[in-house]
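Colleague: Attaching a single structure in structure tokens format; questions to follow.
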Amino acid sequence: MNKKNNDFEGIRDLILQYIEIDEMEWQQCKSMFIVRRIKKKEIILCKGEVCRGIYFVVKGLLRIYFIDQNDDEKTFHFSLENTFATDYQSFLKVIPADFYIQALENTTVVQITYDMLQLLYGNLRNGEKLGRLIAEDYFFLMNDKIKAFYTQTPLQRYNSMNASFPKILTRVPQHYIASYLNISPVHLSRLKRGVE
């Protein structure tokens, strides 16, 4: 199996978690996908641009963040291998993005454009179901993130992050993790030492 085919195996496995897909449908999907190699620190979406893709991470790590009213970067989400990154509202409504997406490592993604997604909806037996389930998962991610800020202590958010993103502490700079948890780097250091 060549490298390009390896790039597609993860996304195929993910699709199969949502819907049944036969070999003919898979070949049709695969022919539309775009493989992109993104260099570490490269920004693939800036606030104000229209998000042109759903990015499935084959290898590497993407950070989704925004800039607050004080011009501070606030990390909203990390997308590791076998997960998606996008500004879903910008992507679906074709409106300016609120978020930035940046590679924190050299990263390989499979990009799905809006037009491709519409074709998948129309051409796959369960295409509409796939779209609905992905949208639901994105909603749950947003909902859980917002709820955590109001209902969880920093330690609970830290433990939840470690459960969701194994080995994240070895892959991401501490200030991005502190930002994701909405705490200071000093507080993060205390949590890592086991001191609340």
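Residues are named by chain letter and number: chains run A, B, ... in the order of the structure tokens, numbers start at 1 in each chain, and ligands are numbered from 1 in the order shown.
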Env of range 24-38 of chain A: 7 Å cut, atoms = only C-alpha atoms, seq-sep filter 6 positions within chain, self excluded. Answer as a ChimeraX atom specification.
Modeller: /A:103,106-112,116,124
Colleague: Mind listing the helix (DSSP H, G or I) residues of range 87-190 of chain A, per DSSP on the backbone, as an NGL selection string?
Modeller: :A and (88-93 or 114-123 or 127-151 or 154-164 or 168-171 or 174-181 or 185-190)
Colleague: Using only C-alpha atoms, which of the listed residues (A:Thr83, A:Asn70, A:Ser90, A:Gln156) sits closest to Asp13 in chain A?
Modeller: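 Selected residue with least distance to Asp13 in chain A: A:Thr83.
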Colleague: So, with only C-alpha atoms as the atoms that count, which of A:Leu80, A:Val186, A:Ile134, A:Ala85 lies closest to Ser164 in chain A?
Modeller: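 So, comparing all the options, the nearest one is A:Leu80.
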Colleague: Neighbouring residues of Thr75 in chain A were defined as those with any atom within 9 Å, considering only C-alpha atoms; residues of the same chain fewer than 6 positions away were excluded. Please report them as a PDB file with C-alpha atoms, in the first residue's frame.
Modeller:
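New file around_22.pdb:
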ATOM      1  CA  ARG A  63      -4.791  24.049  17.132  1.00  0.00           C
ATOM      2  CA  ILE A  64      -8.033  26.008  16.767  1.00  0.00           C
ATOM      3  CA  TYR A  65      -7.874  29.389  18.481  1.00  0.00           C
ATOM      4  CA  PHE A  66      -9.279  32.909  18.516  1.00  0.00           C
ATOM      5  CA  ILE A  67      -7.972  36.300  19.608  1.00  0.00           C
ATOM      6  CA  TYR A 176      -1.337  26.827  24.748  1.00  0.00           C
ATOM      7  CA  ILE A 177      -2.538  24.214  27.219  1.00  0.00           C
ATOM      8  CA  ALA A 178      -3.075  26.853  29.908  1.00  0.00           C
ATOM      9  CA  SER A 179      -5.047  28.905  27.393  1.00  0.00           C
ATOM     10  CA  TYR A 180      -7.152  25.875  26.438  1.00  0.00           C
ATOM     11  CA  LEU A 181      -7.963  25.305  30.129  1.00  0.00           C
ATOM     12  CA  ASN A 182      -8.566  29.046  30.655  1.00  0.00           C
TER      13      ASN A 182
END
Colleague: Calculate how many Å separate CA of Ser189 in chain A from CA of Lys145 in chain A, rounding to one decimal.
Modeller: 21.5 Å
Colleague: Report, in Å with one decimal, the straight-line distance from CA of Leu104 in chain A to CA of Arg171 in chain A.
Modeller: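 According to the coordinates, CA of Leu104 in chain A and CA of Arg171 in chain A are separated by 8.2 Å.
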Colleague: DSSP on the backbone, then: every residue of range 22-80 of chain A marked strand (DSSP E or B), written as a list of chain:residue names.
Modeller: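 Everything in range 22-80 of chain A that counts as strand (DSSP E or B) is A:Ile34, A:Val35, A:Arg36, A:Arg37, A:Ile38, A:Ile43, A:Ile44, A:Leu45, A:Val50, A:Ile54, A:Tyr55, A:Phe56, A:Val57, A:Val58, A:Lys59, A:Leu62, A:Arg63, A:Ile64, A:Tyr65, A:Phe66, A:Ile67, A:Glu73, A:Lys74, A:Thr75, A:Phe76, A:His77, A:Phe78, A:Ser79.
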Colleague: Can I get the selection written as a compact mmCIF listing (two decimals), in the first residue's frame, with N, CA, C and O atoms?
Modeller:
# COMPACT_ATOMS: atom_id res chain seq x y z
N ILE A 34 -8.53 15.65 -0.87
CA ILE A 34 -7.29 16.37 -1.15
C ILE A 34 -6.35 16.14 0.04
O ILE A 34 -6.72 16.42 1.18
N VAL A 35 -5.15 15.63 -0.22
CA VAL A 35 -4.16 15.46 0.84
C VAL A 35 -3.29 16.71 0.87
O VAL A 35 -2.77 17.15 -0.15
N ARG A 36 -3.15 17.29 2.07
CA ARG A 36 -2.30 18.48 2.24
C ARG A 36 -1.25 18.22 3.31
O ARG A 36 -1.54 17.61 4.34
N ARG A 37 -0.05 18.69 3.07
CA ARG A 37 1.03 18.64 4.07
C ARG A 37 1.21 20.07 4.59
O ARG A 37 1.43 21.00 3.80
N ILE A 38 1.11 20.22 5.88
CA ILE A 38 1.17 21.54 6.51
C ILE A 38 2.40 21.58 7.41
O ILE A 38 2.61 20.68 8.22
N ILE A 43 -0.32 28.59 9.46
CA ILE A 43 -1.72 28.88 9.73
C ILE A 43 -2.51 28.61 8.45
O ILE A 43 -2.20 29.16 7.40
N ILE A 44 -3.51 27.72 8.56
CA ILE A 44 -4.28 27.37 7.35
C ILE A 44 -5.64 28.06 7.32
O ILE A 44 -6.34 27.98 6.31
N LEU A 45 -6.01 28.73 8.40
CA LEU A 45 -7.23 29.55 8.40
C LEU A 45 -6.99 30.74 9.31
O LEU A 45 -6.50 30.58 10.43
N VAL A 50 -13.04 32.92 4.74
CA VAL A 50 -14.05 31.87 4.73
C VAL A 50 -13.32 30.53 4.85
O VAL A 50 -12.35 30.28 4.13
N ILE A 54 -13.01 21.05 5.74
CA ILE A 54 -12.98 20.24 6.97
C ILE A 54 -11.68 19.46 6.85
O ILE A 54 -11.44 18.80 5.83
N TYR A 55 -10.82 19.57 7.85
CA TYR A 55 -9.49 18.98 7.79
C TYR A 55 -9.43 17.76 8.70
O TYR A 55 -9.49 17.88 9.92
N PHE A 56 -9.29 16.60 8.11
CA PHE A 56 -9.14 15.36 8.86
C PHE A 56 -7.65 15.14 9.09
O PHE A 56 -6.87 15.07 8.14
N VAL A 57 -7.24 15.08 10.35
CA VAL A 57 -5.82 14.97 10.69
C VAL A 57 -5.37 13.51 10.56
O VAL A 57 -5.80 12.65 11.31
N VAL A 58 -4.50 13.27 9.59
CA VAL A 58 -3.92 11.94 9.39
C VAL A 58 -2.74 11.76 10.34
O VAL A 58 -2.62 10.75 11.03
N LYS A 59 -1.89 12.78 10.39
CA LYS A 59 -0.69 12.73 11.23
C LYS A 59 -0.39 14.15 11.64
O LYS A 59 -0.42 15.06 10.81
N LEU A 62 -3.33 19.97 15.02
CA LEU A 62 -3.81 21.32 14.70
C LEU A 62 -4.38 21.96 15.95
O LEU A 62 -4.95 21.28 16.81
N ARG A 63 -4.23 23.27 16.02
CA ARG A 63 -4.79 24.05 17.13
C ARG A 63 -5.81 25.02 16.55
O ARG A 63 -5.54 25.72 15.57
N ILE A 64 -7.00 25.06 17.14
CA ILE A 64 -8.03 26.01 16.77
C ILE A 64 -8.06 27.07 17.87
O ILE A 64 -8.20 26.74 19.05
N TYR A 65 -7.92 28.33 17.47
CA TYR A 65 -7.87 29.39 18.48
C TYR A 65 -8.52 30.66 17.96
O TYR A 65 -8.82 30.80 16.77
N PHE A 66 -8.77 31.59 18.88
CA PHE A 66 -9.28 32.91 18.52
C PHE A 66 -8.48 33.95 19.28
O PHE A 66 -7.70 33.61 20.19
N ILE A 67 -8.65 35.20 18.92
CA ILE A 67 -7.97 36.30 19.61
C ILE A 67 -9.03 37.12 20.32
O ILE A 67 -10.01 37.57 19.69
N GLU A 73 -4.26 35.32 22.48
CA GLU A 73 -4.71 34.10 21.81
C GLU A 73 -5.35 33.18 22.84
O GLU A 73 -4.79 32.96 23.91
N LYS A 74 -6.50 32.64 22.50
CA LYS A 74 -7.21 31.70 23.36
C LYS A 74 -7.42 30.40 22.58
O LYS A 74 -8.12 30.38 21.57
N THR A 75 -6.80 29.35 23.04
CA THR A 75 -6.91 28.05 22.37
C THR A 75 -8.28 27.45 22.68
O THR A 75 -8.64 27.29 23.85
N PHE A 76 -9.02 27.15 21.62
CA PHE A 76 -10.35 26.58 21.79
C PHE A 76 -10.32 25.05 21.75
O PHE A 76 -11.01 24.38 22.51
N HIS A 77 -9.49 24.49 20.85
CA HIS A 77 -9.52 23.04 20.66
C HIS A 77 -8.21 22.57 20.03
O HIS A 77 -7.56 23.32 19.31
N PHE A 78 -7.87 21.31 20.30
CA PHE A 78 -6.77 20.63 19.63
C PHE A 78 -7.34 19.51 18.79
O PHE A 78 -8.23 18.78 19.24
N SER A 79 -6.86 19.35 17.57
CA SER A 79 -7.28 18.24 16.72
C SER A 79 -6.06 17.36 16.46
O SER A 79 -5.12 17.78 15.79
Colleague: I need the residue nearest Glu20 in chain A from this list: A:Asn159, A:Asn126, A:Gln102, A:Thr113. Use only C-alpha atoms for the distance.
Modeller: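 Among the listed residues, the smallest separation from Glu20 in chain A belongs to A:Asn126.
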Colleague: For each of A:Phe99, A:Lys47, A:Tyr88, A:Ala163, take the minimum atom-to-atom distance to Glu136 in chain A, counting only C-alpha atoms, then give the residue where this is smallest.
Modeller: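 With only C-alpha atoms as the atom set, the closest residue is A:Tyr88.
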Colleague: Please report the interatomic distance between CA of Tyr150 in chain A and CA of Tyr100 in chain A in Å with one decimal.
Modeller: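 Going from CA of Tyr150 in chain A over to CA of Tyr100 in chain A covers 24.0 Å.
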Colleague: Of the residues A:Glu9, A:Glu105, A:Asp22, A:Asp87, which is the one nearest to Lys39 in chain A, using only C-alpha atoms?
Modeller: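 Nearest to Lys39 in chain A: A:Glu105.
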Colleague: Restricting the calculation to only C-alpha atoms, which member of A:Glu49, A:Glu42, A:Asp68, A:Glu23 is positioned closest to Val94 in chain A?
Modeller: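 Looking at the shortest contact to Val94 in chain A, the residue is A:Glu49.
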